[in-house]
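Q: Below you'll find the structure I mean.
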Amino acid sequence: MGFYSQLVSHFALFIIPILIRFLSFHVESFTPNITTDKEALISFKSQLSNDPPHPLSSWDQNSSPCNWTGVFCNNLHDNRVVALNLSGLGLSGHISAYIGNLSFLDSLQLQNNQLTGVIPDQIGNLIRLRVLNMSSNRIQGILPSTITHLTELHVLDLSSNNIISQIPTDIDLLTKLQVLKLGKNNLYGTIPPSLGNISTLTNISFGTNSLSGMIPIDLGRLKNLVELDLTINNLTGTVPPSLYNLSSLINFALAANDLWGEFPEDVGDRLPKLLVFDMCINRFKGRIPGSLHNLTNIRVIRMGHNLLNGTVPPGLGNLPFLQMYNIRFNKIVSSGDRGLEFLSALTNSTRLRRLAIDGNQLEGVIPEKIGNLSKVLSLLYMGQNKIYGTIPASIGQLSSLRLLNLSFNSISGGIPSELGKLQELQELHLAGNQISGSIPKSFSSLRKLIRINLSGNEISGKIPVSFGNFENLLSLDLSNNKLKGRIPKEILHLSTLSSALNLSKNFLSGSLPDEIGSLVSVTTMDFSDNHLSGKLPSSIKYCLSLETLFLARNMFSGSIPQILAQVRGLVNLDLSSNNFSGIIPVELGNLKALQFLNLSYNDLEGEIPSAGVFQNLSAVHLEGNKKLYMTAKIGDFGLARMLIERSSDQVSISSTHVLRGSIGYIPPEYGWGEKPSIAGDIYSFGIVLLELFTGKSPTNNSFTGGINLTSWVKSAFPQKVEQVIDPQLLTYEDSDAIYDHVNAKNPNLQLDCLSTILQVGLSCTADFPHERICIRDVVRKLEASKEILLKAAKIHYEV
């Protein structure tokens with residue numbers, strides 16, 4: 001036997017058996033068992049936060065995992081871990097890939113924690129898994145493709161996370177799936193038609209995502225479906241008719257998409273088990289299906305914000321378990337005094353909590369029986385209709401009411417004192433009616449109010465001092481009424497006010513109390529159009545959240561306080577039409593957020609600041625202050641620089657120092673010795689505007705015999721305006737021929753636009769400064785003209 005033959009023989013006799021035993025030992029050691037389960041769980045714990053007290057402190061290396069928190073073992077399978085329930089323990093951190101080693105796991109529940117990171121691909125190794133719930137965490141990333149390996153799954157709930165993914169097209173590999181909840185994530189793409197192949201599905205919840213496309217007709221094959229929630233997505237098209245044949249449906253919710261079409265009149269007969277019918281915020285049209293009112297067990301009917309018309313069908317008295325009825329913002333109609341009588345039928349719905357009929361064309365008087373509605377009714381929306389008559393006193397019987405909205409109707413009479421019984425009331429909206437009389441003293445009992453809007457009525461009397469009791473108030477609007485007297489100091493002590501305090505357009509008098517400085521959180525204050533007087537209190541500097549302050553058309557006097565510049569967030573400031581005097585504080589130019597400033601029609605004097613908002617002519621209004629002077633920047637409109645002669649009593653422009661290139665652009669009043677002004681700059685701008693669109697300069701040789709650029713344009717305006725327009729503008733052809741198409745459809749559109757521009761130029765170049773248009777209106781008119789032309793071009797281009 002040769003050497004190599006002997007070596008092979010020895011290898012076969014001695015080495016191979018040893019190798020086999022070695023391999024057998026190690027294969028045994030890697031066979032999944034309770035030890036490998038324990039190692040997997042320890043690895044899972046290692047990826048979690050260690051902040052004490054640790055909810056998994058019982059997970060000790062020296063004890064059996066079957067005794068650990070949330071771990072469940074099965075004695076029939078060698079004590080293997082079969083379930084892991086760690087829901088609601090406040091866990092944070094990542095999900096370890098070693099979770100995939102728990103090969104006997106039947107249920108994995110990690111919901112209601114703060115877990116982050118991605119779902120590991122190894123989740124697909126858990127082929128025995130029947131329940132997977134990771135909802136209400138902060139999980140990110142995509143759905144792993146291996147998730148469709150879990151063919152034993154009955155429940156898959158990954159809702160309320162930050163998953164950015166498409167729904168797998170092979171989702172139908174999960175042939176035993178019953179519950180599929182992926183709502184409140186960032187899912188995109190379309191709903192896979194393959195879902196219709198999973199005949200076991202009972203619940204589909206995809207709400208609050210970014211899914212698009214049409215609802216697959218295939219879903220109509222899911223005969224066991226009890227819940228279909230596709231709300232708040234970007235779905236389009238009509239609802240597949242087959243969905244209305246899913247007689248097992250209990251929750252049918254498609255709200256907040258872009259769906260259209262009509263509801264079948266017999267929808268209630270075809271879906272007899274419905275408890276929730278939620279179709280709000282779409283484009284459905286047609287009538288409210290009367291068959292819905294035959295569903296005696298239904299809880300929720302929501303069809304608001306659609307295009308529904310017709311009347312409210314009869315049968316509302318058949319719904320004893322109804323909790324919400326919402327048909328707001330449609331085109332539902334009623335007529336006559338009894339047009340709202342359908343509300344009386346809802347007195348049988350003793351569990352009704354929300355009723356919303358606002359934003360329709362409902363006419364009639366509020367029935368006295370409204371006070372017999374459910375004692376648990378908390379939200380009542382009836383605004384923006386054609387309701388007239390008075391507010392019935394019985395409304396005070398709705399003891400659970402938290403919101404009452406009757407705004408923008410034609411309600412008259414006084415506010416019933418019985419409203420003071422609504423001690424749970426948080427929001428009261430009666431704006432835009434014809435309500436008269438005074439504010440009832442009983443309002444002092446409404447301690448939970450957070451918003452009050454009584455604006456746009458004929459309410460008289462004084463603002464009750466008792467409003468100071470509203471310690472939770474965020475917003476108060478009493479504007480556009482007939483209130484008189486002083487502003488109560490008590491309401492200025494409401495430190496909770498943060499949204500708005502609007503007392504404008506009343507007959508309030510007296511000074512603005514120093515207590516205004518207590519309103520440290522208010523963003524908007526409007527006291528304009530009253531009879532307020534005196535100086536602005538220095539305490540206003542403490543209103544550090546203030547963004548809008550309107551005090552126009554009052555009788556305030558004194559100087560504009562420099563401390564206004566300490567209100568750093570101020571965006572809009574209107575002090576116009578008062579009696580303010582003195583100089584404009586230069587500190588106002590330091591307000592970087594300030595975008596609108598109106599100081600017009602006061603008695604201000606001195607130099608106009610040049611920094612900040614004052615650099616934007618369209619944002620500042622100073623007209624009506626005869627003693628002001630804006631170092632003139634005539635060169636802003638293409639003029640040559642001019643030398644200004646200064647004397648002790650006036651500033652004038654010397655004609656001897658006018659440089660070539662300035663003649664024709666200078667306003668005539670500068671030749672009379674007037675000071676440089678904004679009105680002068682506007683004149684110069686107007687000349688440039690006329691020059692641009694006529695093609696003629698003000699010094700053109702054709703202008704003789706007293707004719708100038710302005711009078712020449714005026715002679716042709718408006719009937720013969722095409723005679724003064726630069727011919728090149730009228731023959732201009734756009735490279736995309738968009739405007740040619742527009743002109744073919746409306747041949748006067750371009751000429752009308754040019755005519756508007758010339759009209760602006762003429763308004764700027766009036767002979768007398770006070771006759772000239774203000775720069776704000778210049779901007780507005782030019783922008784409007786441009787938008788009309790561009791919009792017409794855009795519409796044609798899109799078509």
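The way I read the labels, and the way they are meant: chains A, B, ... in the order of the structure tokens, residue 1 as the first residue of every chain, and ligand 1 as the first ligand shown, with later ones counted on from there.
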Which of region 306-350 of chain A end up as strand (DSSP E or B) when DSSP is run on this backbone - answer as a list in words?

A: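 Matching residues, listed in order: Leu307, Leu308, Asn309, Gly310, Met324, Tyr325, Asn326, Lys331, Ile332 and Val333 of chain A.
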
Q: Quick one: write out the picked residues with N, CA, C and O atoms as a tab-separated table (two decimals), in the first residue's frame?

A:
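Final file, result.tsv:
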```
chain	number	residue	atom	x	y	z
A	307	LEU	N	-70.78	67.76	-1.27
A	307	LEU	CA	-71.62	68.57	-2.16
A	307	LEU	C	-73.04	68.05	-2.16
A	307	LEU	O	-73.76	68.14	-3.16
A	308	LEU	N	-73.47	67.51	-1.03
A	308	LEU	CA	-74.80	66.94	-0.94
A	308	LEU	C	-75.87	68.03	-0.97
A	308	LEU	O	-75.66	69.14	-0.49
A	309	ASN	N	-77.03	67.70	-1.56
A	309	ASN	CA	-78.11	68.68	-1.65
A	309	ASN	C	-79.42	68.04	-1.20
A	309	ASN	O	-79.43	66.96	-0.62
A	310	GLY	N	-80.51	68.74	-1.45
A	310	GLY	CA	-81.80	68.23	-1.02
A	310	GLY	C	-82.06	68.51	0.45
A	310	GLY	O	-81.37	69.30	1.09
A	324	MET	N	-73.27	60.61	16.89
A	324	MET	CA	-72.79	61.74	16.10
A	324	MET	C	-73.58	61.82	14.80
A	324	MET	O	-73.75	60.82	14.10
A	325	TYR	N	-74.06	63.04	14.50
A	325	TYR	CA	-74.74	63.29	13.22
A	325	TYR	C	-74.13	64.56	12.63
A	325	TYR	O	-74.28	65.65	13.18
A	326	ASN	N	-73.42	64.39	11.50
A	326	ASN	CA	-72.65	65.49	10.93
A	326	ASN	C	-72.95	65.59	9.44
A	326	ASN	O	-72.56	64.73	8.65
A	331	LYS	N	-74.97	71.39	0.85
A	331	LYS	CA	-75.96	72.29	0.27
A	331	LYS	C	-77.36	71.84	0.65
A	331	LYS	O	-78.30	71.92	-0.13
A	332	ILE	N	-77.48	71.37	1.90
A	332	ILE	CA	-78.75	70.89	2.40
A	332	ILE	C	-79.69	72.07	2.63
A	332	ILE	O	-79.27	73.11	3.16
A	333	VAL	N	-80.96	71.92	2.26
A	333	VAL	CA	-81.90	73.04	2.33
A	333	VAL	C	-83.10	72.70	3.19
A	333	VAL	O	-83.41	71.53	3.44
```

Q: Name the residues in contact with Gly456 (chain A) at a cut-off of 9 Å, using only C-alpha atoms, excluding same-chain residues fewer than 3 positions from it; report them as a PyMOL selection string.

A: chain A and resi 408+430-435+459+478-481

Q: With C-alpha atoms retained, write the just-selected residues as a compact mmCIF listing (two decimals), in the first residue's frame.

A:
```
# COMPACT_ATOMS: atom_id res chain seq x y z
CA PHE A 408 -73.65 83.89 10.82
CA LEU A 430 -72.88 83.92 18.22
CA ALA A 431 -71.10 86.17 15.68
CA GLY A 432 -72.70 87.67 12.60
CA ASN A 433 -76.34 87.81 13.68
CA GLN A 434 -78.76 90.58 14.67
CA ILE A 435 -78.64 89.94 18.40
CA ILE A 459 -75.19 94.18 21.48
CA LEU A 478 -66.76 91.53 20.99
CA SER A 479 -66.05 93.61 17.89
CA ASN A 480 -68.58 95.37 15.67
CA ASN A 481 -71.29 95.91 18.26
```

Q: Could you tell me how far CA of Gly93 (chain A) lies from CA of Asn186 (chain A), in Å and to one decimal?

A: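 Rounded to one decimal, the two atoms are 20.7 Å apart.
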
Q: List the neighbours of Pro193 (chain A) out to 10 Å using only C-alpha atoms; skip same-chain residues closer than 6 positions along the sequence, and give me the result as a PyMOL selection string.

A: chain A and resi 169-172+215-219

Q: Which residues are near Pro144 (chain A)? Cut-off 12 Å, only C-alpha atoms, ignore same chain within fewer than 3 positions. Put them as a tab-separated table (two decimals) with N, CA, C and O atoms, in the first residue's frame.

A:
```tsv
chain	number	residue	atom	x	y	z
A	118	VAL	N	-35.74	50.44	12.83
A	118	VAL	CA	-36.51	49.74	11.80
A	118	VAL	C	-36.94	48.37	12.30
A	118	VAL	O	-36.43	47.86	13.29
A	119	ILE	N	-37.90	47.80	11.60
A	119	ILE	CA	-38.28	46.42	11.86
A	119	ILE	C	-37.23	45.54	11.19
A	119	ILE	O	-37.04	45.62	9.97
A	120	PRO	N	-36.51	44.70	11.94
A	120	PRO	CA	-35.42	43.91	11.33
A	120	PRO	C	-35.96	42.87	10.35
A	120	PRO	O	-37.05	42.32	10.53
A	121	ASP	N	-35.16	42.59	9.30
A	121	ASP	CA	-35.55	41.57	8.32
A	121	ASP	C	-35.75	40.21	8.96
A	121	ASP	O	-36.55	39.39	8.50
A	122	GLN	N	-35.03	39.97	10.06
A	122	GLN	CA	-35.10	38.65	10.72
A	122	GLN	C	-36.48	38.35	11.29
A	122	GLN	O	-36.74	37.22	11.71
A	123	ILE	N	-37.39	39.35	11.29
A	123	ILE	CA	-38.74	39.10	11.76
A	123	ILE	C	-39.40	38.01	10.92
A	123	ILE	O	-40.28	37.28	11.38
A	124	GLY	N	-38.94	37.88	9.67
A	124	GLY	CA	-39.48	36.87	8.77
A	124	GLY	C	-39.15	35.45	9.17
A	124	GLY	O	-39.72	34.50	8.60
A	125	ASN	N	-38.23	35.26	10.13
A	125	ASN	CA	-37.89	33.91	10.60
A	125	ASN	C	-38.95	33.34	11.54
A	125	ASN	O	-38.96	32.14	11.81
A	140	GLN	N	-39.41	53.38	12.32
A	140	GLN	CA	-39.18	54.07	11.04
A	140	GLN	C	-38.88	53.06	9.94
A	140	GLN	O	-39.07	51.87	10.09
A	141	GLY	N	-38.41	53.60	8.81
A	141	GLY	CA	-37.98	52.73	7.72
A	141	GLY	C	-39.14	52.12	6.95
A	141	GLY	O	-40.29	52.54	7.05
A	147	ILE	N	-41.73	40.24	5.70
A	147	ILE	CA	-42.93	40.18	6.53
A	147	ILE	C	-43.99	39.28	5.91
A	147	ILE	O	-44.84	38.72	6.61
A	148	THR	N	-43.92	39.10	4.58
A	148	THR	CA	-44.89	38.22	3.93
A	148	THR	C	-44.51	36.74	4.08
A	148	THR	O	-45.23	35.88	3.58
A	149	HIS	N	-43.39	36.46	4.77
A	149	HIS	CA	-43.04	35.06	5.09
A	149	HIS	C	-43.86	34.55	6.27
A	149	HIS	O	-43.89	33.34	6.52
A	150	LEU	N	-44.51	35.45	6.98
A	150	LEU	CA	-45.24	35.08	8.20
A	150	LEU	C	-46.63	34.57	7.83
A	150	LEU	O	-47.66	35.20	8.14
A	163	ILE	N	-43.47	54.65	9.76
A	163	ILE	CA	-43.05	53.78	8.66
A	163	ILE	C	-43.29	54.46	7.32
A	163	ILE	O	-44.39	54.96	7.06
A	164	ILE	N	-42.27	54.51	6.50
A	164	ILE	CA	-42.36	55.10	5.16
A	164	ILE	C	-42.18	53.97	4.16
A	164	ILE	O	-41.08	53.47	3.96
A	165	SER	N	-43.27	53.56	3.54
A	165	SER	CA	-43.19	52.36	2.72
A	165	SER	C	-44.43	52.23	1.86
A	165	SER	O	-45.43	52.92	2.07
A	166	GLN	N	-44.35	51.36	0.88
A	166	GLN	CA	-45.52	50.92	0.15
A	166	GLN	C	-46.05	49.64	0.79
A	166	GLN	O	-45.32	48.93	1.49
A	167	ILE	N	-47.29	49.34	0.56
A	167	ILE	CA	-47.85	48.07	1.02
A	167	ILE	C	-47.37	46.99	0.06
A	167	ILE	O	-47.51	47.15	-1.16
A	168	PRO	N	-46.78	45.90	0.55
A	168	PRO	CA	-46.23	44.87	-0.37
A	168	PRO	C	-47.31	44.36	-1.32
A	168	PRO	O	-48.43	44.06	-0.91
A	171	ILE	N	-48.85	40.91	-0.52
A	171	ILE	CA	-49.47	40.82	0.79
A	171	ILE	C	-50.42	39.63	0.90
A	171	ILE	O	-50.68	39.11	1.99
```

Q: Within 7 Å of Thr202 (chain A), counting only C-alpha atoms, which residues qualify if same-chain residues fewer than 4 places away don't, as a PyMOL selection string?

A: chain A and resi 178-179+224-227

Q: Next, write the just-selected residues to a file, as a PDB file, in the first residue's frame, keeping N, CA and C atoms as the atom set.

A:
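part24.pdb was written with the following content:
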```
ATOM      1  N   GLN A 178     -56.403  38.105   9.343  1.00  0.00           N
ATOM      2  CA  GLN A 178     -57.743  38.580   9.665  1.00  0.00           C
ATOM      3  C   GLN A 178     -57.770  40.086   9.940  1.00  0.00           C
ATOM      4  N   VAL A 179     -56.768  40.567  10.670  1.00  0.00           N
ATOM      5  CA  VAL A 179     -56.708  41.984  11.044  1.00  0.00           C
ATOM      6  C   VAL A 179     -55.443  42.601  10.471  1.00  0.00           C
ATOM      7  N   ASN A 224     -66.113  38.802   4.501  1.00  0.00           N
ATOM      8  CA  ASN A 224     -66.086  38.776   5.965  1.00  0.00           C
ATOM      9  C   ASN A 224     -65.686  40.118   6.573  1.00  0.00           C
ATOM     10  N   LEU A 225     -65.494  41.131   5.731  1.00  0.00           N
ATOM     11  CA  LEU A 225     -64.974  42.411   6.204  1.00  0.00           C
ATOM     12  C   LEU A 225     -65.986  43.120   7.099  1.00  0.00           C
ATOM     13  N   VAL A 226     -65.532  43.507   8.294  1.00  0.00           N
ATOM     14  CA  VAL A 226     -66.385  44.280   9.207  1.00  0.00           C
ATOM     15  C   VAL A 226     -65.896  45.718   9.363  1.00  0.00           C
ATOM     16  N   GLU A 227     -64.617  45.973   9.038  1.00  0.00           N
ATOM     17  CA  GLU A 227     -64.070  47.332   9.138  1.00  0.00           C
ATOM     18  C   GLU A 227     -63.254  47.647   7.902  1.00  0.00           C
TER      19      GLU A 227
END
```

Q: Residues near Asp278 (chain A), anyone? I mean within 9 Å using only C-alpha atoms, not counting same-chain ones fewer than 2 positions away, as a list of chain:residue names.

A: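 Listing them by chain and then by number gives A:Thr231, A:Asn251, A:Phe252, A:Ala253, A:Leu254, A:Ala255, A:Val276, A:Cys280, A:Val300, A:Ile301, A:Arg302, A:Met303, A:Gly304.
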
Q: Can you pull out every residue from region 313-357 of chain A that DSSP, working from the backbone, puts in helix (DSSP H, G or I), and format the result as a ChimeraX atom specification?

A: /A:316-318,342-348

Q: Just N, CA and C atoms for this one: save the residues we selected as an mmCIF file, in the first residue's frame.

A:
```
data_model
loop_
_atom_site.group_PDB
_atom_site.id
_atom_site.type_symbol
_atom_site.label_atom_id
_atom_site.label_comp_id
_atom_site.auth_asym_id
_atom_site.auth_seq_id
_atom_site.Cartn_x
_atom_site.Cartn_y
_atom_site.Cartn_z
ATOM 1 N N LEU A 316 -85.103 60.414 11.455
ATOM 2 C CA LEU A 316 -84.100 60.631 12.494
ATOM 3 C C LEU A 316 -84.576 60.160 13.863
ATOM 4 N N GLY A 317 -85.860 60.024 14.024
ATOM 5 C CA GLY A 317 -86.379 59.538 15.292
ATOM 6 C C GLY A 317 -86.198 58.048 15.503
ATOM 7 N N ASN A 318 -85.620 57.353 14.483
ATOM 8 C CA ASN A 318 -85.426 55.902 14.576
ATOM 9 C C ASN A 318 -84.054 55.505 15.109
ATOM 10 N N PHE A 342 -86.802 68.920 11.933
ATOM 11 C CA PHE A 342 -86.162 67.601 11.976
ATOM 12 C C PHE A 342 -85.304 67.448 13.230
ATOM 13 N N LEU A 343 -84.867 68.570 13.822
ATOM 14 C CA LEU A 343 -84.061 68.491 15.044
ATOM 15 C C LEU A 343 -84.867 67.894 16.197
ATOM 16 N N SER A 344 -86.172 68.137 16.188
ATOM 17 C CA SER A 344 -87.015 67.614 17.266
ATOM 18 C C SER A 344 -87.020 66.096 17.277
ATOM 19 N N ALA A 345 -86.893 65.480 16.072
ATOM 20 C CA ALA A 345 -86.890 64.022 15.998
ATOM 21 C C ALA A 345 -85.682 63.423 16.699
ATOM 22 N N LEU A 346 -84.602 64.193 16.797
ATOM 23 C CA LEU A 346 -83.380 63.687 17.421
ATOM 24 C C LEU A 346 -83.482 63.609 18.942
ATOM 25 N N THR A 347 -84.591 64.044 19.498
ATOM 26 C CA THR A 347 -84.748 63.920 20.960
ATOM 27 C C THR A 347 -84.806 62.462 21.400
ATOM 28 N N ASN A 348 -85.064 61.554 20.458
ATOM 29 C CA ASN A 348 -85.054 60.120 20.779
ATOM 30 C C ASN A 348 -83.639 59.567 20.868
#
```

Q: Hey, what's within 8 Å of Asn133 (chain A) if we count only C-alpha atoms and toss same-chain stuff fewer than 6 positions away? As a list in words, please?

A: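 Answer for this query is Leu108, Gln109, Leu110, Gln111, Val155, Leu156, Asp157 and Leu158 of chain A.
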
Q: Quick one: pull the distance between CA of Arg138 (chain A) and CA of Asn161 (chain A), Å, one decimal.

A: 4.8 Å

Q: Go through A:His621, A:Lys223, A:Arg351, A:Lys421 one by one, measure the shortest atom-to-atom distance of each to Ser445 (chain A) using only C-alpha atoms, and give the residue with the smallest value.

A: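 Closest candidate: A:Lys421.
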
Q: Would you compute the distance between CA of Asn554 (chain A) and CA of Gln615 (chain A)? Give it in Å to one decimal.

A: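 Rounded to one decimal, the two atoms are 27.3 Å apart.
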